[in-house]
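Source file: my_file.tsv. Holds: TSV, C-alpha atoms.
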chain	number	residue	atom	x	y	z
A	1	MET	CA	14.65	14.32	-16.37
A	2	GLU	CA	11.36	13.22	-14.77
A	3	PRO	CA	11.26	9.55	-13.73
A	4	VAL	CA	8.85	7.31	-15.64
A	5	PRO	CA	5.73	6.53	-13.55
A	6	ILE	CA	5.41	2.92	-12.43
A	7	ILE	CA	1.61	3.31	-12.26
A	8	SER	CA	-0.50	5.62	-14.46
A	9	VAL	CA	-4.19	6.02	-13.69
A	10	ARG	CA	-6.25	7.46	-16.56
A	11	GLY	CA	-9.90	8.46	-16.36
A	12	LEU	CA	-10.73	5.90	-13.67
A	13	ASP	CA	-14.41	5.52	-12.76
A	14	PHE	CA	-15.51	2.89	-10.25
A	15	TYR	CA	-19.02	1.70	-9.42
A	16	TYR	CA	-20.56	-0.36	-6.61
A	17	GLY	CA	-23.67	-1.45	-8.47
A	18	LEU	CA	-25.30	1.79	-9.64
A	19	LYS	CA	-23.41	3.96	-7.13
A	20	GLN	CA	-20.37	5.71	-8.55
A	21	ALA	CA	-17.60	5.72	-5.94
A	22	LEU	CA	-14.75	7.17	-8.03
A	23	CYS	CA	-15.04	9.74	-10.79
A	24	ALA	CA	-12.45	10.46	-13.50
A	25	ILE	CA	-9.32	9.86	-11.39
A	26	ASN	CA	-6.03	10.69	-13.06
A	27	MET	CA	-2.78	10.10	-11.20
A	28	GLU	CA	0.83	9.11	-11.87
A	29	ILE	CA	2.70	7.22	-9.16
A	30	LEU	CA	6.46	7.50	-9.35
A	31	PRO	CA	8.84	4.65	-8.49
A	32	ARG	CA	10.52	4.54	-5.08
A	33	GLN	CA	8.43	7.36	-3.71
A	34	VAL	CA	5.75	7.39	-1.02
A	35	THR	CA	2.34	8.57	-2.23
A	36	ALA	CA	-0.28	9.33	0.44
A	37	LEU	CA	-4.04	9.45	-0.13
A	38	ILE	CA	-5.96	11.60	2.35
A	39	GLY	CA	-9.56	12.74	2.74
A	40	PRO	CA	-12.61	12.17	4.95
A	41	SER	CA	-14.18	8.75	5.52
A	42	GLY	CA	-16.13	7.40	2.57
A	43	CYS	CA	-14.44	9.67	0.02
A	44	GLY	CA	-13.06	6.81	-2.12
A	45	LYS	CA	-9.40	6.62	-1.12
A	46	SER	CA	-9.46	2.97	0.04
A	47	THR	CA	-11.60	2.01	-2.97
A	48	PHE	CA	-8.98	3.65	-5.20
A	49	LEU	CA	-6.14	1.86	-3.39
A	50	ARG	CA	-7.85	-1.50	-3.91
A	51	CYS	CA	-8.25	-0.74	-7.61
A	52	LEU	CA	-4.45	-0.71	-7.91
A	53	ASN	CA	-4.21	-4.48	-7.33
A	54	ARG	CA	-7.79	-5.41	-8.26
A	55	MET	CA	-8.82	-6.36	-4.73
A	56	ASN	CA	-12.25	-4.91	-5.58
A	57	ASP	CA	-12.72	-7.81	-8.03
A	58	THR	CA	-13.83	-9.91	-5.04
A	59	ILE	CA	-16.85	-7.62	-4.41
A	60	PRO	CA	-19.96	-8.54	-6.46
A	61	ALA	CA	-21.51	-6.04	-8.90
A	62	THR	CA	-18.52	-3.72	-9.09
A	63	ARG	CA	-17.44	-2.12	-12.35
A	64	VAL	CA	-14.36	-0.24	-13.52
A	65	GLU	CA	-14.01	2.17	-16.44
A	66	GLY	CA	-10.81	3.86	-17.55
A	67	LYS	CA	-7.29	2.49	-17.31
A	68	ILE	CA	-4.65	1.67	-14.73
A	69	LEU	CA	-1.29	1.02	-16.35
A	70	LEU	CA	1.42	-0.85	-14.47
A	71	GLU	CA	4.57	-0.15	-16.49
A	72	ASP	CA	2.44	0.55	-19.59
A	73	LYS	CA	0.25	-2.58	-19.35
A	74	ASP	CA	-3.43	-2.15	-18.48
A	75	ILE	CA	-4.10	-4.23	-15.37
A	76	TYR	CA	-7.82	-4.38	-16.25
A	77	ALA	CA	-7.18	-5.87	-19.70
A	78	ALA	CA	-9.00	-9.18	-20.18
A	79	ASP	CA	-5.77	-11.17	-20.51
A	80	TYR	CA	-3.95	-9.61	-17.52
A	81	ASN	CA	-2.78	-12.19	-14.95
A	82	VAL	CA	-4.35	-11.06	-11.65
A	83	ALA	CA	-2.26	-13.46	-9.53
A	84	GLU	CA	0.89	-11.97	-11.05
A	85	LEU	CA	-0.48	-8.46	-10.41
A	86	ARG	CA	-0.99	-9.18	-6.70
A	87	LYS	CA	2.54	-10.51	-6.47
A	88	ARG	CA	3.89	-7.30	-8.01
A	89	VAL	CA	1.52	-5.02	-6.06
A	90	GLY	CA	1.24	-6.26	-2.47
A	91	MET	CA	-1.10	-4.95	0.22
A	92	VAL	CA	-0.90	-4.42	3.98
A	93	PHE	CA	-4.36	-4.07	5.51
A	94	GLN	CA	-5.79	-1.80	8.19
A	95	LYS	CA	-5.84	-4.47	10.90
A	96	PRO	CA	-2.94	-6.90	11.23
A	97	ASN	CA	-4.06	-10.20	9.72
A	98	PRO	CA	-1.29	-12.77	10.22
A	99	PHE	CA	-2.26	-16.38	9.65
A	100	PRO	CA	-2.79	-18.39	12.89
A	101	GLN	CA	0.52	-20.18	12.46
A	102	SER	CA	4.19	-19.60	13.13
A	103	ILE	CA	6.00	-16.43	12.14
A	104	TYR	CA	8.20	-18.53	9.85
A	105	ASP	CA	5.21	-20.09	8.06
A	106	ASN	CA	3.52	-16.69	7.68
A	107	VAL	CA	6.51	-15.23	5.86
A	108	ALA	CA	7.25	-18.43	3.92
A	109	PHE	CA	3.65	-18.73	2.67
A	110	GLY	CA	3.98	-16.71	-0.56
A	111	PRO	CA	7.34	-18.08	-1.72
A	112	ARG	CA	6.08	-21.65	-1.13
A	113	VAL	CA	2.75	-21.18	-2.94
A	114	LEU	CA	4.31	-19.33	-5.87
A	115	GLY	CA	7.27	-21.69	-6.17
A	116	LEU	CA	9.83	-18.90	-5.76
A	117	VAL	CA	12.30	-21.06	-3.83
A	118	HIS	CA	13.72	-24.51	-4.49
A	119	SER	CA	15.30	-25.51	-1.19
A	120	LYS	CA	14.89	-25.10	2.56
A	121	THR	CA	18.09	-23.05	2.63
A	122	GLN	CA	16.70	-20.63	0.06
A	123	LEU	CA	13.46	-20.35	1.99
A	124	ASP	CA	15.32	-19.68	5.25
A	125	GLU	CA	17.23	-16.89	3.51
A	126	VAL	CA	14.04	-15.31	2.13
A	127	VAL	CA	12.32	-15.45	5.54
A	128	GLU	CA	15.31	-13.89	7.31
A	129	LYS	CA	15.76	-11.14	4.71
A	130	SER	CA	12.05	-10.30	4.73
A	131	LEU	CA	11.96	-10.10	8.53
A	132	ARG	CA	15.11	-7.96	8.54
A	133	ASP	CA	13.61	-5.66	5.90
A	134	ALA	CA	10.46	-5.41	8.06
A	135	ALA	CA	12.64	-4.38	11.04
A	136	LEU	CA	11.49	-7.40	13.03
A	137	TRP	CA	14.31	-9.95	12.84
A	138	ASP	CA	16.18	-8.86	15.98
A	139	GLU	CA	12.98	-9.05	18.04
A	140	ILE	CA	11.81	-12.52	16.99
A	141	LYS	CA	14.81	-14.40	15.51
A	142	ASP	CA	14.86	-16.84	18.47
A	143	SER	CA	11.13	-17.61	18.27
A	144	LEU	CA	10.35	-18.13	14.58
A	145	THR	CA	8.24	-21.20	15.39
A	146	SER	CA	5.93	-19.35	17.79
A	147	ASN	CA	2.42	-18.35	16.73
A	148	ALA	CA	2.33	-14.92	15.09
A	149	LEU	CA	-0.94	-14.13	16.89
A	150	GLY	CA	0.91	-14.18	20.22
A	151	TYR	CA	2.69	-10.89	19.46
A	152	SER	CA	1.72	-7.26	19.87
A	153	LEU	CA	-0.37	-5.64	17.14
A	154	GLY	CA	2.64	-3.62	15.98
A	155	GLN	CA	4.74	-6.77	15.65
A	156	GLN	CA	1.88	-8.60	13.91
A	157	GLN	CA	1.65	-5.78	11.38
A	158	ARG	CA	5.38	-6.07	10.68
A	159	VAL	CA	4.93	-9.85	10.20
A	160	CYS	CA	2.31	-8.96	7.58
A	161	ILE	CA	4.74	-6.53	5.94
A	162	ALA	CA	7.43	-9.24	5.90
A	163	ARG	CA	4.89	-11.62	4.32
A	164	VAL	CA	4.35	-9.09	1.50
A	165	LEU	CA	8.10	-8.47	1.07
A	166	ALA	CA	8.82	-12.20	0.79
A	167	VAL	CA	7.29	-12.39	-2.71
A	168	LYS	CA	9.46	-9.47	-3.92
A	169	PRO	CA	6.79	-6.97	-4.96
A	170	GLU	CA	7.48	-3.73	-6.80
A	171	VAL	CA	4.69	-1.73	-5.16
A	172	ILE	CA	3.33	-1.96	-1.59
A	173	LEU	CA	-0.10	-0.59	-0.69
A	174	PHE	CA	-0.78	0.34	2.95
A	175	ASP	CA	-4.50	0.73	3.74
A	176	GLU	CA	-4.53	2.76	6.99
A	177	SER	CA	-2.04	0.23	8.29
A	178	THR	CA	-1.22	2.11	11.50
A	179	SER	CA	-4.77	3.11	12.54
A	180	ALA	CA	-5.06	0.16	14.96
A	181	LEU	CA	-1.60	0.73	16.48
A	182	ASP	CA	-0.31	2.73	19.42
A	183	PRO	CA	1.95	5.77	18.79
A	184	ILE	CA	5.21	3.86	19.37
A	185	ALA	CA	4.25	1.04	16.98
A	186	THR	CA	3.02	3.66	14.49
A	187	GLY	CA	6.41	5.40	14.65
A	188	LYS	CA	8.17	2.10	13.91
A	189	ILE	CA	5.99	1.49	10.84
A	190	GLU	CA	6.60	5.07	9.62
A	191	ASP	CA	10.38	4.61	10.03
A	192	LEU	CA	10.06	1.33	8.16
A	193	ILE	CA	8.18	2.99	5.28
A	194	ALA	CA	10.97	5.56	4.96
A	195	GLU	CA	13.47	2.70	4.73
A	196	LEU	CA	11.39	0.56	2.35
A	197	LYS	CA	10.98	3.33	-0.22
A	198	LYS	CA	14.66	2.90	-1.10
A	199	GLN	CA	13.62	-0.37	-2.78
A	200	TYR	CA	9.85	-0.19	-3.28
A	201	THR	CA	7.12	2.14	-4.51
A	202	ILE	CA	4.68	2.80	-1.65
A	203	VAL	CA	1.10	4.08	-1.64
A	204	ILE	CA	-0.59	4.72	1.71
A	205	VAL	CA	-4.13	5.61	2.69
A	206	THR	CA	-4.18	7.56	5.95
A	207	HIS	CA	-6.68	9.55	8.01
A	208	ASN	CA	-3.73	11.15	9.76
A	209	MET	CA	-2.65	14.26	7.88
A	210	GLN	CA	0.44	14.62	10.07
A	211	GLN	CA	1.47	11.13	9.02
A	212	ALA	CA	1.13	12.07	5.35
A	213	GLY	CA	3.27	15.13	6.04
A	214	ARG	CA	5.92	13.00	7.75
A	215	VAL	CA	6.26	10.11	5.31
A	216	ALA	CA	4.90	11.07	1.86
A	217	ASP	CA	6.69	12.58	-1.12
A	218	PHE	CA	3.37	13.10	-2.92
A	219	THR	CA	-0.14	13.50	-1.52
A	220	GLY	CA	-3.60	13.37	-3.09
A	221	LEU	CA	-6.80	14.69	-1.49
A	222	PHE	CA	-9.93	12.67	-2.26
A	223	TRP	CA	-13.37	14.22	-1.76
A	224	LEU	CA	-16.71	12.59	-2.64
A	225	GLY	CA	-15.05	10.20	-5.08
A	226	GLU	CA	-12.96	12.84	-6.86
A	227	LEU	CA	-9.26	13.60	-6.68
A	228	VAL	CA	-9.39	17.27	-5.72
A	229	GLU	CA	-5.66	17.94	-5.77
A	230	PHE	CA	-2.48	15.93	-6.16
A	231	GLY	CA	1.13	17.00	-5.96
A	232	ARG	CA	4.28	17.21	-3.90
A	233	THR	CA	3.38	16.91	-0.23
A	234	GLU	CA	5.22	20.01	0.90
A	235	LYS	CA	3.49	22.21	-1.69
A	236	LEU	CA	0.05	20.69	-1.14
A	237	PHE	CA	0.31	21.24	2.62
A	238	THR	CA	1.73	24.77	2.46
A	239	ARG	CA	0.53	26.27	-0.84
A	240	PRO	CA	-2.48	24.25	-2.08
A	241	ASP	CA	-3.99	25.26	-5.41
A	242	LYS	CA	-7.58	24.51	-4.42
A	243	GLU	CA	-9.66	26.24	-1.78
A	244	LEU	CA	-11.21	22.91	-0.78
A	245	THR	CA	-7.74	21.50	-0.05
A	246	GLU	CA	-6.93	24.43	2.22
A	247	SER	CA	-10.29	24.13	3.98
A	248	TYR	CA	-9.74	20.40	4.62
A	249	LEU	CA	-6.14	20.81	5.79
A	250	THR	CA	-7.07	23.64	8.18
A	251	GLY	CA	-10.04	21.74	9.61
A	252	LYS	CA	-12.75	24.00	8.21
A	253	MET	CA	-14.25	21.07	6.30
A	254	GLY	CA	-14.22	17.30	6.63
Rewritten as structure tokens:
Amino acid sequence: MEPVPIISVRGLDFYYGLKQALCAINMEILPRQVTALIGPSGCGKSTFLRCLNRMNDTIPATRVEGKILLEDKDIYAADYNVAELRKRVGMVFQKPNPFPQSIYDNVAFGPRVLGLVHSKTQLDEVVEKSLRDAALWDEIKDSLTSNALGYSLGQQQRVCIARVLAVKPEVILFDESTSALDPIATGKIEDLIAELKKQYTIVIVTHNMQQAGRVADFTGLFWLGELVEFGRTEKLFTRPDKELTESYLTGKMG
């Protein structure tokens, strides 16, 4: 029996002013799987990712048509709680963006603001678990009060992942989150994604097709604002249905 999608995208169009950036996107994202979005620069994949937790709302003169259902509720409905959405669908950005404060305070930020904990002991437990789940605890457990900006970019990115995990999301969006990292740090994040998918649904945007092949269960190719092809990664990479997909994957286009 097929699992029920956690996110269903139906006929999604997205506009920056008069410019249409996404056209008639349909996609189902399954729980506890990694979905990768690939395609050339400017093809709409990051715009699409930001639609999934309404980060595009902060950009003036943008417009959305169609539906995105998170467990059957339309996240663009007028009465949908956007703060609750961003708790359930967290995001890790392209460049590490820890707050200029201690590692502890970075990870504790969400639980404090949202009132998810009621004692210092509870907060300590959440911070430790989040850092463990982000594969960072053993490296920094003796320096939780030191400034997060004093660490390597790879460690800063894992602080940001721990910060997302601390509010117990259901879905985590990674927007080219290894593009600023060296190969060793990138490998650590990829290993972490493989571990995190046991508990979370993950959607990644990547320019690195090899990365999609390594970490993703499903992959979608975006091209000029359209979703050209979407399916199981292994099939899409070895037996694509569309000629454009094959041309992109083999380097003939893009």
Box time for range 64-73 of chain A: axis-aligned, enclosing all its listed atoms, 5 Å extra on each side; report centre and edge lengths in Å to one decimal, as AutoDock Vina command-line options.
--center_x -4.9 --center_y 0.6 --center_z -16.6 --size_x 28.9 --size_y 16.4 --size_z 16.1
Within 8 Å of range 132-137 of chain A: each range 152-224 of chain A residue with its shortest pair, only C-alpha atoms, as CSV:
residue,atom,partner,partner_atom,distance
A:Gln155,CA,A:Leu136,CA,7.3
A:Arg158,CA,A:Ala134,CA,5.8
A:Val159,CA,A:Ala134,CA,7.4
A:Ile161,CA,A:Ala134,CA,6.2
A:Ala162,CA,A:Ala134,CA,5.3
A:Leu165,CA,A:Asp133,CA,7.8
A:Leu192,CA,A:Ala134,CA,6.8
A:Leu196,CA,A:Asp133,CA,7.5
Discussion item. Taking all atoms listed in the file into account, name the residue in A:Val171, A:Leu116, A:Leu37, A:Met209 that is nearest to Leu221 in chain A.
Written reply: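 Nearest candidate to Leu221 in chain A out of A:Val171, A:Leu116, A:Leu37, A:Met209: A:Leu37.
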For Lys242 in chain A: contacts at 9 Å, all atoms listed in the file, fewer than 5 positions along chain excluded, given as a PyMOL selection string: chain A and resi 228-229+247
The residue from A:Gly220, A:Asn56, A:Ser8, A:Glu243 with the smallest atom-to-atom distance to Gly39 in chain A, counting only C-alpha atoms, is A:Gly220
Counting only C-alpha atoms, the residue among A:Lys19, A:Arg88, A:Lys73, A:Lys141 that lies closest to Ala61 in chain A is A:Lys19
### Query
What lies within 10 Å of Thr178 in chain A using all atoms listed in the file, ignoring chain neighbours under 2 positions off, as number ranges by chain?
A: 92-96, 153-154, 157, 174-176, 180-183, 185-190, 205-208, 211
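Within 10 Å of Leu227 in chain A, once all atoms listed in the file are used and residues closer than 4 positions along the same chain are dropped, the contacting residues are Leu22, Cys23, Ala24, Ile25, Asn26, Met27, Leu37, Ile38, Gly39, Cys43, Gly44, Lys45, Gly220, Leu221, Phe222 and Trp223 of chain A.
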Provide range 90-102 of chain A of the preceding structure as a file containing all heavy atoms, as a short mmCIF file (atom, residue, chain, number, x, y, z; two decimals), in the first residue's frame.
data_model
loop_
_atom_site.label_atom_id
_atom_site.label_comp_id
_atom_site.auth_asym_id
_atom_site.auth_seq_id
_atom_site.Cartn_x
_atom_site.Cartn_y
_atom_site.Cartn_z
N GLY A 90 10.44 23.27 8.71
CA GLY A 90 11.61 24.10 8.99
C GLY A 90 12.51 24.22 7.76
O GLY A 90 12.41 23.44 6.82
N MET A 91 13.42 25.20 7.80
CA MET A 91 14.29 25.43 6.64
C MET A 91 15.73 25.65 7.07
O MET A 91 16.00 26.37 8.04
CB MET A 91 13.80 26.63 5.83
CG MET A 91 14.64 26.91 4.60
SD MET A 91 13.89 28.17 3.54
CE MET A 91 13.18 27.15 2.27
N VAL A 92 16.64 25.04 6.31
CA VAL A 92 18.08 25.26 6.46
C VAL A 92 18.55 25.95 5.19
O VAL A 92 18.34 25.43 4.08
CB VAL A 92 18.84 23.94 6.67
CG1 VAL A 92 20.33 24.19 6.84
CG2 VAL A 92 18.28 23.19 7.89
N PHE A 93 19.18 27.11 5.33
CA PHE A 93 19.47 27.96 4.18
C PHE A 93 20.81 27.61 3.52
O PHE A 93 21.59 26.81 4.03
CB PHE A 93 19.42 29.43 4.59
CG PHE A 93 18.05 29.87 5.01
CD1 PHE A 93 17.65 29.79 6.34
CD2 PHE A 93 17.14 30.33 4.07
CE1 PHE A 93 16.38 30.18 6.72
CE2 PHE A 93 15.86 30.72 4.45
CZ PHE A 93 15.48 30.64 5.77
N GLN A 94 21.06 28.28 2.39
CA GLN A 94 22.26 27.99 1.60
C GLN A 94 23.52 28.28 2.40
O GLN A 94 24.44 27.47 2.46
CB GLN A 94 22.23 28.84 0.32
CG GLN A 94 23.39 28.57 -0.61
CD GLN A 94 23.21 29.26 -1.95
OE1 GLN A 94 22.23 29.95 -2.19
NE2 GLN A 94 24.14 29.06 -2.85
N LYS A 95 23.57 29.47 3.01
CA LYS A 95 24.75 29.83 3.80
C LYS A 95 24.39 29.67 5.27
O LYS A 95 23.30 30.07 5.69
CB LYS A 95 25.16 31.27 3.51
CG LYS A 95 25.72 31.41 2.10
CD LYS A 95 26.21 32.82 1.85
CE LYS A 95 26.81 32.90 0.45
NZ LYS A 95 26.89 34.27 -0.05
N PRO A 96 25.30 29.09 6.06
CA PRO A 96 25.02 28.97 7.50
C PRO A 96 24.68 30.35 8.08
O PRO A 96 25.38 31.33 7.80
CB PRO A 96 26.34 28.43 8.07
CG PRO A 96 27.02 27.77 6.90
CD PRO A 96 26.62 28.55 5.69
N ASN A 97 23.62 30.41 8.87
CA ASN A 97 23.20 31.70 9.42
C ASN A 97 22.90 31.60 10.92
O ASN A 97 21.83 31.99 11.37
CB ASN A 97 21.97 32.24 8.67
CG ASN A 97 20.76 31.32 8.78
OD1 ASN A 97 20.89 30.15 9.13
ND2 ASN A 97 19.58 31.84 8.52
N PRO A 98 23.88 31.07 11.70
CA PRO A 98 23.62 31.05 13.15
C PRO A 98 23.54 32.47 13.70
O PRO A 98 24.12 33.41 13.14
CB PRO A 98 24.85 30.31 13.71
CG PRO A 98 25.92 30.49 12.70
CD PRO A 98 25.22 30.56 11.37
N PHE A 99 22.79 32.62 14.78
CA PHE A 99 22.73 33.92 15.45
C PHE A 99 24.09 34.19 16.10
O PHE A 99 24.77 33.26 16.52
CB PHE A 99 21.63 33.93 16.52
CG PHE A 99 20.26 33.57 16.00
CD1 PHE A 99 19.46 32.69 16.70
CD2 PHE A 99 19.79 34.09 14.81
CE1 PHE A 99 18.19 32.34 16.23
CE2 PHE A 99 18.53 33.76 14.33
CZ PHE A 99 17.74 32.88 15.05
N PRO A 100 24.48 35.47 16.23
CA PRO A 100 25.77 35.80 16.85
C PRO A 100 25.70 35.67 18.37
O PRO A 100 25.85 36.64 19.12
CB PRO A 100 26.01 37.25 16.40
CG PRO A 100 24.64 37.81 16.21
CD PRO A 100 23.78 36.66 15.73
N GLN A 101 25.44 34.46 18.81
CA GLN A 101 25.35 34.18 20.25
C GLN A 101 25.82 32.75 20.48
O GLN A 101 26.32 32.11 19.56
CB GLN A 101 23.92 34.41 20.76
CG GLN A 101 22.87 33.71 19.95
CD GLN A 101 21.44 34.16 20.29
OE1 GLN A 101 20.50 33.49 19.94
NE2 GLN A 101 21.25 35.29 20.95
N SER A 102 25.68 32.27 21.68
CA SER A 102 26.24 30.95 22.00
C SER A 102 25.52 29.84 21.24
O SER A 102 24.37 30.02 20.79
CB SER A 102 26.13 30.69 23.51
OG SER A 102 24.78 30.43 23.86
#
